[in-house]
Amino acid sequence: MARFLERMPLGFKQRYGLDKLQAFLKRYMYVLVALGVLLPTMHQSSLGTVLLILGYKLPPLWNTPWLPLLFLSSALAMGYGVVMLEATLVHRAFNTPSEVTLFARLSRVAAGLLIGFSVLRWTDLMYRGQLGAAVAGDLNGNLFLIESALFLAPVFVLLSERRWSQRWQFIGAVCILVAGSLYRLDSYLITLQPGNGWTYFPSAPELLITIGIVCLEIMLYLLFIKTLPVLHGGAVEAYGRPS
């Protein structure tokens, strides 16, 4: 927001008093950054907290007192994955400078989060005596093993020399995102047992609204990077108006 105001024509800012807003943002940006970190952190941990009240309705493979921390740590790892995915797609689509080196250096952080998540989850299973449920061969056990494999597979990429390859970075990012998404779908939808006679699956309007919101976000993202100086090298001049 501050950079957007900096590049705005001076006359336009004076006409609408935006120069004062720019000064305010520069002075208190640290507050906005802190809120930007705090609110998503609380949101992700609360997603796990909500599941705690379900009790026996959530299968033992997912029902653990560590749910808030598991949801938070997996979300942090997914943050790396989604940024890597976005950077790769933008680099391919708009020929922007590659950020392979930057992500290769950050990969150890993401790998640490994935290892921490997996160790905590499997240790908790052993402590609660639920390891047998993970290898029972039923739907819940198979889903749990698929999740675990998807969470651990990127570690071998992010801690090896393959992390310097954009192709392998992209594959690792996709695995992280699929793993985190499947973990949430399994917890909230697929394995949840709401009770006798009760079933739930998103209705057509719910699915359409969700898909519409995602499409709107993609459209706005493309609009911003094509009309505002968001990307490296002056995106507006390089890419012109949105088509």
# chains A, B, ... in the order shown; residues from 1 in each chain; ligands from 1
$ residues_around --residues "Leu143 in chain A" --least-positions-apart "2" --cutoff "10 Å" --atoms "only C-alpha atoms" --output "PDB file with C-alpha atoms, in the first residue's frame"
ATOM      1  CA  LEU A  61      -5.555 -40.226  13.920  1.00  0.00           C
ATOM      2  CA  ALA A 134      -2.308 -45.647  10.935  1.00  0.00           C
ATOM      3  CA  GLY A 137      -5.499 -50.466   5.940  1.00  0.00           C
ATOM      4  CA  ASP A 138      -8.880 -48.729   6.165  1.00  0.00           C
ATOM      5  CA  LEU A 139      -9.832 -45.366   4.640  1.00  0.00           C
ATOM      6  CA  ASN A 140      -8.661 -43.310   7.612  1.00  0.00           C
ATOM      7  CA  GLY A 141      -5.346 -45.130   7.858  1.00  0.00           C
ATOM      8  CA  LEU A 145      -0.313 -42.356   5.367  1.00  0.00           C
ATOM      9  CA  ILE A 146      -0.854 -40.351   2.176  1.00  0.00           C
ATOM     10  CA  GLU A 147      -0.770 -37.132   4.199  1.00  0.00           C
ATOM     11  CA  SER A 148       2.420 -38.197   5.951  1.00  0.00           C
ATOM     12  CA  ALA A 149       4.114 -39.122   2.674  1.00  0.00           C
ATOM     13  CA  LEU A 182      -5.616 -32.835   2.357  1.00  0.00           C
ATOM     14  CA  TYR A 183      -4.889 -32.556   6.090  1.00  0.00           C
ATOM     15  CA  ASP A 186      -9.617 -34.978   6.124  1.00  0.00           C
ATOM     16  CA  ILE A 190     -13.755 -36.624   4.870  1.00  0.00           C
ATOM     17  CA  THR A 191     -13.087 -38.434   8.166  1.00  0.00           C
TER      18      THR A 191
END
$ residues_around --residues "Arg121 in chain A" --least-positions-apart "4" --cutoff "8 Å" --atoms "only C-alpha atoms" --output "count of residues only"
3
$ residues_around --residues "range 170-174 of chain A" --least-positions-apart "6" --cutoff "7 Å" --atoms "only C-alpha atoms" --output "PyMOL selection string"
chain A and resi 81-82+84-85+88+154+157
$ atom_distance --atom1 "CA of Leu159 in chain A" --atom2 "CA of Leu131 in chain A"
27.2 Å
$ select_by_dssp --residues "range 39-152 of chain A" --states "helix (DSSP H, G or I)" --output "MDAnalysis selection string"
chainID A and resid 39:52 55:57 67:94 100:128 131:134 139:152
$ closest_residue --among "A:Pro97, A:Gly195, A:Gly129, A:Pro68" --to "Leu52 in chain A" --atoms "only C-alpha atoms"
A:Pro68
$ residues_around --residues "Ser181 in chain A" --least-positions-apart "6" --cutoff "10 Å" --atoms "only C-alpha atoms" --output "list in words"
Ser74, Ala75, Met78, Glu147, Cys175 and Ser187 of chain A
$ atom_distance --atom1 "CA of Leu228 in chain A" --atom2 "CA of Ala93 in chain A"
16.6 Å
$ residues_around --residues "Tyr200 in chain A" --least-positions-apart "3" --cutoff "9 Å" --atoms "only C-alpha atoms" --output "list in words"
Leu189, Pro194 and Ser203 of chain A
$ residues_around --residues "Gly48 in chain A" --least-positions-apart "6" --cutoff "9 Å" --atoms "only C-alpha atoms" --output "PyMOL selection string"
chain A and resi 66-72
$ atom_distance --atom1 "CA of Arg163 in chain A" --atom2 "CA of Ala77 in chain A"
15.3 Å
$ closest_residue --among "A:Thr210, A:Gln130, A:Gln166, A:Thr96" --to "Asn63 in chain A" --atoms "only C-alpha atoms"
A:Gln130
